[in-house]
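Enquirer: This is entry.txt, which holds compact mmCIF, C-alpha atoms:
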# COMPACT_ATOMS: atom_id res chain seq x y z
CA MET A 1 -6.26 2.22 1.02
CA SER A 2 -4.46 4.40 -1.51
CA ARG A 3 -4.53 8.17 -0.94
CA SER A 4 -4.90 7.68 2.81
CA GLY A 5 -1.51 8.96 3.94
CA THR A 6 0.49 5.78 3.40
CA THR A 7 3.30 7.65 1.63
CA LEU A 8 3.49 10.29 4.36
CA LEU A 9 3.73 7.62 7.06
CA LYS A 10 6.29 5.71 5.01
CA ALA A 11 8.45 8.83 4.67
CA MET A 12 8.30 9.45 8.43
CA LEU A 13 9.20 5.87 9.31
CA ASP A 14 11.95 5.66 6.71
CA ALA A 15 13.53 8.72 8.33
CA HIS A 16 14.17 6.59 11.45
CA SER A 17 17.78 5.51 11.86
CA GLN A 18 16.81 1.87 12.41
CA LEU A 19 14.16 1.32 9.71
CA ALA A 20 14.37 1.24 5.91
CA ILE A 21 11.25 1.22 3.73
CA PRO A 22 11.84 1.14 -0.05
CA SER A 23 9.51 2.29 -2.80
CA GLU A 24 6.42 0.18 -3.47
CA SER A 25 7.47 -3.30 -4.51
CA TYR A 26 4.52 -4.88 -6.39
CA PHE A 27 6.51 -8.06 -7.11
CA LEU A 28 5.62 -10.22 -4.09
CA THR A 29 2.46 -11.62 -5.62
CA GLN A 30 4.16 -12.28 -8.96
CA LEU A 31 6.92 -14.25 -7.28
CA TRP A 32 4.46 -16.18 -5.11
CA ASP A 33 2.32 -17.15 -8.10
CA ARG A 34 5.40 -18.30 -9.97
CA HIS A 35 7.40 -20.03 -7.23
CA GLY A 36 5.06 -20.94 -4.38
CA ALA A 37 5.91 -21.77 -0.77
CA GLN A 38 9.39 -23.22 -1.35
CA PRO A 39 11.09 -21.71 -4.39
CA GLU A 40 14.11 -23.19 -6.06
CA ARG A 41 16.88 -20.71 -5.32
CA ASP A 42 18.43 -20.33 -8.77
CA ALA A 43 15.10 -20.01 -10.57
CA PHE A 44 13.97 -17.45 -8.01
CA VAL A 45 17.14 -15.40 -8.44
CA GLU A 46 16.80 -15.55 -12.24
CA ASP A 47 13.38 -13.95 -11.91
CA LEU A 48 14.74 -11.31 -9.54
CA ALA A 49 17.24 -10.29 -12.21
CA ARG A 50 14.30 -9.45 -14.50
CA LEU A 51 12.56 -7.17 -12.01
CA GLU A 52 13.17 -3.48 -12.59
CA ARG A 53 12.12 -2.61 -9.03
CA VAL A 54 14.87 -4.79 -7.53
CA ARG A 55 17.42 -3.02 -9.71
CA GLU A 56 16.02 0.36 -8.61
CA TRP A 57 16.58 -0.66 -5.00
CA GLY A 58 20.21 -1.41 -5.75
CA VAL A 59 19.89 -5.05 -4.66
CA ASP A 60 22.16 -7.46 -6.52
CA PRO A 61 20.38 -10.78 -7.21
CA GLU A 62 23.69 -12.57 -6.79
CA ASP A 63 23.88 -11.30 -3.23
CA VAL A 64 20.40 -12.73 -2.70
CA ARG A 65 21.59 -16.06 -4.08
CA ALA A 66 24.57 -16.09 -1.73
CA SER A 67 22.32 -15.46 1.29
CA LEU A 68 19.90 -18.34 0.63
CA PRO A 69 19.94 -22.12 0.98
CA GLU A 70 19.23 -24.14 -2.15
CA ARG A 71 15.55 -24.59 -1.19
CA PRO A 72 14.56 -21.54 0.85
CA THR A 73 11.07 -20.84 2.09
CA PHE A 74 9.17 -18.08 0.35
CA ALA A 75 9.58 -15.90 3.45
CA GLU A 76 13.35 -16.45 3.51
CA ALA A 77 13.66 -15.62 -0.17
CA ILE A 78 11.57 -12.45 0.01
CA GLN A 79 13.05 -11.19 3.25
CA SER A 80 16.58 -11.58 1.92
CA ILE A 81 15.78 -8.90 -0.69
CA TYR A 82 14.54 -6.44 1.90
CA GLN A 83 17.34 -7.22 4.32
CA LEU A 84 19.95 -6.47 1.68
CA TYR A 85 18.18 -3.21 0.89
CA ALA A 86 18.11 -2.25 4.58
CA GLU A 87 21.78 -3.10 5.00
CA SER A 88 22.64 -0.89 2.02
CA LYS A 89 21.03 1.98 3.98
CA GLY A 90 22.91 1.08 7.14
CA LYS A 91 19.74 0.00 8.95
CA PRO A 92 18.85 -3.27 10.71
CA ARG A 93 15.08 -3.37 10.09
CA PHE A 94 12.88 -3.05 7.02
CA GLY A 95 9.26 -2.48 6.07
CA ASP A 96 7.02 -2.46 3.03
CA LYS A 97 4.43 0.08 1.88
CA THR A 98 2.42 -1.27 -1.07
CA PRO A 99 -1.34 -0.63 -0.74
CA LEU A 100 -2.03 -2.87 -3.74
CA TYR A 101 -1.25 -5.89 -1.54
CA MET A 102 -4.61 -5.38 0.15
CA GLN A 103 -5.89 -7.54 -2.71
CA ARG A 104 -3.54 -10.39 -1.68
CA LEU A 105 -3.17 -10.31 2.09
CA ASP A 106 -2.54 -14.06 2.11
CA VAL A 107 0.70 -13.56 0.17
CA LEU A 108 1.75 -10.67 2.41
CA GLU A 109 1.40 -12.89 5.46
CA ARG A 110 3.44 -15.66 3.84
CA ALA A 111 6.21 -13.21 2.98
CA PHE A 112 6.32 -11.63 6.45
CA PRO A 113 4.89 -14.12 8.97
CA ASP A 114 6.14 -12.15 11.99
CA ALA A 115 5.21 -8.69 10.68
CA ARG A 116 3.63 -5.85 12.61
CA TYR A 117 0.96 -4.03 10.63
CA VAL A 118 0.19 -0.31 10.81
CA HIS A 119 -3.11 0.50 9.13
CA ILE A 120 -3.52 4.20 8.37
CA VAL A 121 -7.15 5.20 7.78
CA ARG A 122 -8.36 8.44 6.23
CA ASP A 123 -11.87 9.85 5.88
CA GLY A 124 -12.96 8.10 2.71
CA ARG A 125 -14.50 11.23 1.24
CA ASP A 126 -11.20 13.11 1.42
CA ALA A 127 -9.34 10.07 0.08
CA ALA A 128 -11.81 9.95 -2.82
CA LEU A 129 -11.14 13.58 -3.69
CA SER A 130 -7.41 12.91 -3.62
CA MET A 131 -7.70 9.84 -5.84
CA LEU A 132 -9.97 11.51 -8.39
CA ALA A 133 -7.69 14.57 -8.57
CA MET A 134 -4.78 12.46 -9.80
CA THR A 135 -3.90 13.27 -13.39
CA ARG A 136 -1.77 10.28 -14.32
CA LYS A 137 -3.28 7.39 -16.22
CA PRO A 138 -4.40 4.58 -13.92
CA ARG A 139 -2.73 1.23 -13.98
CA PHE A 140 -4.57 -1.43 -15.96
CA ASN A 141 -6.59 -2.73 -13.05
CA LEU A 142 -10.30 -3.35 -13.32
CA SER A 143 -10.66 -2.95 -9.55
CA ARG A 144 -9.31 0.63 -9.58
CA PRO A 145 -12.05 3.14 -8.61
CA ARG A 146 -13.58 5.16 -11.45
CA GLY A 147 -15.71 7.67 -9.53
CA VAL A 148 -16.96 8.72 -6.09
CA GLY A 149 -19.43 5.85 -5.74
CA ASP A 150 -16.91 3.38 -7.06
CA PHE A 151 -14.27 4.66 -4.63
CA ALA A 152 -16.75 4.39 -1.75
CA CYS A 153 -17.20 0.70 -2.58
CA ALA A 154 -13.45 0.13 -2.75
CA TRP A 155 -12.75 2.12 0.42
CA GLN A 156 -15.36 0.20 2.40
CA ARG A 157 -14.16 -3.16 1.09
CA GLU A 158 -10.47 -2.59 1.73
CA VAL A 159 -10.74 -0.82 5.08
CA ARG A 160 -13.04 -3.55 6.43
CA ALA A 161 -10.73 -6.25 5.07
CA ALA A 162 -7.69 -4.65 6.73
CA ARG A 163 -9.47 -4.32 10.07
CA SER A 164 -10.64 -7.94 9.90
CA PHE A 165 -7.11 -9.07 8.99
CA GLY A 166 -5.68 -7.05 11.87
CA ARG A 167 -7.89 -8.62 14.54
CA ARG A 168 -5.76 -11.76 14.41
CA ARG A 169 -2.35 -10.13 14.13
CA LYS A 170 -0.01 -7.54 15.62
CA TYR A 171 -1.93 -4.54 14.35
CA LEU A 172 -2.16 -0.82 15.03
CA GLU A 173 -4.84 1.43 13.53
CA LEU A 174 -3.92 5.07 12.98
CA ARG A 175 -6.06 7.90 11.65
CA TYR A 176 -4.46 10.11 9.03
CA GLU A 177 -6.15 13.17 10.49
CA ASP A 178 -4.59 12.50 13.89
CA LEU A 179 -1.16 11.98 12.33
CA VAL A 180 -1.13 15.37 10.60
CA GLU A 181 -2.62 17.22 13.58
CA GLN A 182 -0.48 15.59 16.28
CA PRO A 183 2.47 14.07 14.40
CA GLU A 184 4.87 13.66 17.31
CA SER A 185 2.44 12.00 19.72
CA ARG A 186 1.12 9.68 17.02
CA LEU A 187 4.59 8.73 15.84
CA ARG A 188 5.55 7.94 19.41
CA GLU A 189 2.65 5.49 19.52
CA VAL A 190 3.71 3.92 16.24
CA CYS A 191 7.31 3.60 17.38
CA ALA A 192 6.25 1.99 20.66
CA PHE A 193 4.16 -0.52 18.71
CA LEU A 194 7.11 -1.30 16.43
CA GLY A 195 9.60 -1.58 19.28
CA LEU A 196 11.53 1.51 18.22
CA GLU A 197 12.68 4.57 20.12
CA TYR A 198 11.03 7.71 18.82
CA GLU A 199 13.45 10.02 17.00
CA PRO A 200 12.72 13.74 16.39
CA GLY A 201 14.33 13.39 12.97
CA MET A 202 11.25 11.49 11.82
CA LEU A 203 9.46 14.84 11.60
CA GLU A 204 12.22 16.16 9.35
CA TYR A 205 11.34 13.70 6.57
CA HIS A 206 10.60 16.62 4.20
CA ARG A 207 14.22 17.76 4.43
CA ARG A 208 15.65 14.44 3.30
CA GLU A 209 13.16 13.18 0.71
CA ASP A 210 13.70 14.06 -2.94
CA PRO A 211 10.51 15.86 -4.02
CA SER A 212 11.00 14.59 -7.58
CA LEU A 213 10.22 11.10 -6.28
CA TYR A 214 6.74 12.21 -5.28
CA ALA A 215 5.06 13.74 -8.31
CA ASP A 216 1.72 12.71 -6.84
CA HIS A 217 2.65 13.80 -3.30
CA PRO A 218 3.96 17.38 -3.52
CA ARG A 219 3.13 18.04 0.14
CA LEU A 220 5.93 15.69 1.18
CA ALA A 221 8.25 18.63 0.55
CA GLN A 222 6.82 20.35 3.65
CA PRO A 223 5.78 19.44 7.21
CA PRO A 224 2.37 17.76 7.78
CA VAL A 225 -0.50 19.98 6.69
CA ARG A 226 -3.88 19.90 8.40
CA ASP A 227 -6.93 19.71 6.12
CA ALA A 228 -4.85 19.26 2.98
CA ARG A 229 -8.12 18.37 1.29
CA SER A 230 -11.63 18.81 2.68
CA TRP A 231 -14.69 17.07 1.35
CA ARG A 232 -16.88 19.62 3.15
CA LYS A 233 -15.54 22.37 0.89
CA GLU A 234 -14.75 20.49 -2.30
CA MET A 235 -17.17 17.58 -2.68
CA ARG A 236 -20.53 18.12 -4.32
CA PRO A 237 -23.44 17.40 -1.95
CA ALA A 238 -24.74 14.72 -4.30
CA ASP A 239 -21.37 12.94 -4.25
CA ALA A 240 -21.12 13.16 -0.46
CA ALA A 241 -24.63 11.71 -0.17
CA LEU A 242 -23.72 8.88 -2.56
CA PHE A 243 -20.51 8.07 -0.65
CA GLU A 244 -22.41 7.95 2.64
CA ALA A 245 -25.21 5.85 1.16
CA ILE A 246 -22.58 3.24 0.30
CA ALA A 247 -20.08 3.51 3.16
CA GLY A 248 -21.76 5.65 5.81
CA GLU A 249 -21.87 2.90 8.42
CA LEU A 250 -18.12 2.45 8.25
CA LEU A 251 -17.57 6.21 8.48
CA THR A 252 -19.57 6.16 11.71
CA GLU A 253 -17.64 3.16 13.07
CA LEU A 254 -14.40 5.04 12.49
CA GLY A 255 -15.68 8.18 14.21
CA TYR A 256 -16.10 10.40 11.16
CA GLU A 257 -18.94 12.92 11.05
CA ARG A 258 -21.60 12.34 8.42
CA ALA A 259 -23.39 15.05 6.50
CA TYR A 260 -26.29 12.68 5.80
CA PRO A 261 -26.89 10.44 8.85
CA ARG A 262 -29.80 8.81 7.03
CA PRO A 263 -28.89 9.03 3.35
CA GLY A 264 -31.20 7.52 0.79
CA ARG A 265 -30.30 4.05 -0.38
CA GLY A 266 -31.75 4.50 -3.83
CA GLY A 267 -30.90 3.18 -7.21
CA ARG A 268 -27.56 4.86 -7.82
CA ALA A 269 -25.90 3.42 -4.70
CA LEU A 270 -27.22 -0.05 -5.52
CA VAL A 271 -25.95 0.21 -9.09
CA GLU A 272 -22.51 1.38 -7.96
CA ARG A 273 -22.23 -1.57 -5.57
CA ALA A 274 -23.31 -4.05 -8.23
CA VAL A 275 -20.98 -2.69 -10.93
CA TYR A 276 -18.02 -2.61 -8.55
CA ALA A 277 -18.67 -6.18 -7.37
CA VAL A 278 -18.83 -7.46 -10.95
CA ARG A 279 -15.65 -5.67 -11.97
CA VAL A 280 -13.71 -6.92 -8.95
CA ALA A 281 -14.88 -10.47 -9.70
CA LEU A 282 -13.77 -10.15 -13.33
CA TRP A 283 -10.42 -8.67 -12.30
CA SER A 284 -9.86 -11.47 -9.78
CA ARG A 285 -10.32 -14.02 -12.54
CA ALA A 286 -8.17 -12.13 -15.02
CA LEU A 287 -5.33 -11.29 -12.64
CA PRO A 288 -3.52 -14.67 -12.76
CA LEU A 289 -3.50 -14.47 -16.57
CA VAL A 290 -2.21 -10.90 -16.49
CA ARG A 291 0.58 -11.87 -14.08
CA ARG A 292 1.63 -14.85 -16.17
CA SER A 293 1.62 -12.69 -19.30
CA ALA A 294 3.73 -10.00 -17.60
CA LEU A 295 6.27 -12.56 -16.41
CA TRP A 296 6.36 -14.13 -19.88
CA ARG A 297 7.04 -10.75 -21.50
CA ALA A 298 9.76 -10.09 -18.94
CA ARG A 299 11.29 -13.47 -19.71
CA GLN A 300 11.32 -12.76 -23.46
CA VAL A 301 13.01 -9.39 -22.93
CA TYR A 302 15.51 -11.11 -20.67
CA ILE A 303 16.26 -13.74 -23.30
CA ARG A 304 16.52 -11.21 -26.16
CA ARG A 305 19.08 -9.28 -24.12
CA GLY A 306 21.18 -12.43 -24.13
CA ARG A 307 21.25 -13.03 -20.39
Could I get this structure in the form of structure tokens?
Expert:
Amino acid sequence: MSRSGTTLLKAMLDAHSQLAIPSESYFLTQLWDRHGAQPERDAFVEDLARLERVREWGVDPEDVRASLPERPTFAEAIQSIYQLYAESKGKPRFGDKTPLYMQRLDVLERAFPDARYVHIVRDGRDAALSMLAMTRKPRFNLSRPRGVGDFACAWQREVRAARSFGRRRKYLELRYEDLVEQPESRLREVCAFLGLEYEPGMLEYHRREDPSLYADHPRLAQPPVRDARSWRKEMRPADAALFEAIAGELLTELGYERAYPRPGRGGRALVERAVYAVRVALWSRALPLVRRSALWRARQVYIRRGR
């Protein structure tokens, strides 16, 4: 779930000498919807040339073309992009950190069938405060949380989905609070799970990351900070009660203390659940149209540029 420490963990792992994790990709689902399980190489590479993110990574689509058979699998095609990125950083292994893919776990599994998944979980009330404090305009996404109750619905839905997904795969669950309080011991566990040797340099991530890349994560310019945000101090009691009325059972399952062990389950919580469910359903129906439209606009720009 966004605002749960995914960027912090990504920065720590990317500081490892054997592992490269680029900025959030977003394009996997677009490419799957357009090309399916066995893309045609040249058409796939043509689409790659239109993707700004691929250019930002410094990956040349022609190098991708040269690395693929004429009819690659989707996994081969996607992994060639990441492999080239990792090689450009002098590293043999790669990862991905894109929380938005929680909405399309089926595509993620197709792209990386042998992946190991690290699920970082944060107290949803603190994650809600972090999300609602963001000042940038949200992406056009009808499933993006609009308030505390809305975020509680999203947090419960996505955390449960990730845990369910992980029960059948190579999966490690990590609490954000534990990572910032005991970073070395927790990173040792993560490295063991990933088949990596722990490196002390992973804790020096703040010395190598460019703070300008993290406008929404200013704390990445310093070592891990305990209690960077605390719902006990900053969240209104009514909002805490609403969050727990919606997602209190999951908080308990994860070992988080509740301020309202038996919160009321009145009208507001029911309304928040209903509104969120309707919006997610509408977004799920609209998303294929949005993706096709985005790819069509990209194609027109590509053509107008004379490529």
Enquirer: Would you mind reading off the distance between CA of Ser2 in chain A and CA of Asp60 in chain A, one decimal, in Å?
Expert: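 Value for the CA of Ser2 in chain A-CA of Asp60 in chain A distance: 29.6 Å.
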Enquirer: Would you kindly return, as a PyMOL selection string, each protein, DNA or RNA residue with an atom no farther than 9 Å from any atom of range 228-239 of chain A, considering all atoms listed in the file and excluding same-chain residues fewer than 5 positions away?
Expert: chain A and resi 123+125-130+148-149+219+244+259
Enquirer: Could the residues of range 19-131 of chain A that have an atom at most 10 Å from range 157-174 of chain A be listed as a Markdown table, each with its closest atom pair and the distance in Å to one decimal, counting all atoms listed in the file and ordered by chain and ascending residue number?
Expert:
| residue | atom | partner | partner_atom | distance |
| --- | --- | --- | --- | --- |
| A:Pro99 | CA | A:Glu158 | CA | 9.7 |
| A:Met102 | CA | A:Glu158 | CA | 6.7 |
| A:Gln103 | CA | A:Glu158 | CA | 8.1 |
| A:Leu105 | CA | A:Phe165 | CA | 8.0 |
| A:Asp106 | CA | A:Phe165 | CA | 9.6 |
| A:Glu109 | CA | A:Arg169 | CA | 9.8 |
| A:Pro113 | CA | A:Arg169 | CA | 9.7 |
| A:Asp114 | CA | A:Lys170 | CA | 8.5 |
| A:Ala115 | CA | A:Lys170 | CA | 7.3 |
| A:Arg116 | CA | A:Lys170 | CA | 5.0 |
| A:Tyr117 | CA | A:Tyr171 | CA | 4.7 |
| A:Val118 | CA | A:Leu172 | CA | 4.9 |
| A:His119 | CA | A:Glu173 | CA | 4.8 |
| A:Ile120 | CA | A:Leu174 | CA | 4.7 |
| A:Val121 | CA | A:Leu174 | CA | 6.1 |
| A:Arg122 | CA | A:Leu174 | CA | 8.8 |
| A:Gly124 | CA | A:Val159 | CA | 9.5 |
Enquirer: Please return the centre and edge lengths, in Å to one decimal, of a box with edges along x, y and z that contains all listed atoms of range 155-169 of chain A, widened by 5 Å on every side, as lines of an AutoDock Vina configuration file.
Expert:
center_x = -8.9
center_y = -4.8
center_z = 7.5
size_x = 23.0
size_y = 23.9
size_z = 24.1
Enquirer: Would you mind reading off the distance between CA of Arg34 in chain A and CA of Lys10 in chain A, one decimal, in Å?
Expert: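 Result for CA of Arg34 in chain A versus CA of Lys10 in chain A: 28.3 Å, one decimal.
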Enquirer: Choose the residue, out of A:Arg110, A:His16, A:Lys97, A:Arg71, that has the smallest atom-to-atom separation from Glu199 in chain A; count only C-alpha atoms.
Expert: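 Under the stated criterion, the closest residue is A:His16.
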Enquirer: One decimal, in Å: what's the spacing between CA of Tyr205 in chain A and CA of Phe193 in chain A?
Expert: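 Computing the Euclidean distance for CA of Tyr205 in chain A and CA of Phe193 in chain A yields 20.0 Å.
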Enquirer: Within 8 Å of Thr98 in chain A, counting all atoms listed in the file, which residues qualify if same-chain residues fewer than 3 places away don't, as a compact mmCIF listing (two decimals) with C-alpha atoms, in the frame of the given file?
Expert:
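Final output, saved to part-v3.txt:
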# COMPACT_ATOMS: atom_id res chain seq x y z
CA GLU A 24 6.42 0.18 -3.47
CA SER A 25 7.47 -3.30 -4.51
CA TYR A 26 4.52 -4.88 -6.39
CA TYR A 101 -1.25 -5.89 -1.54
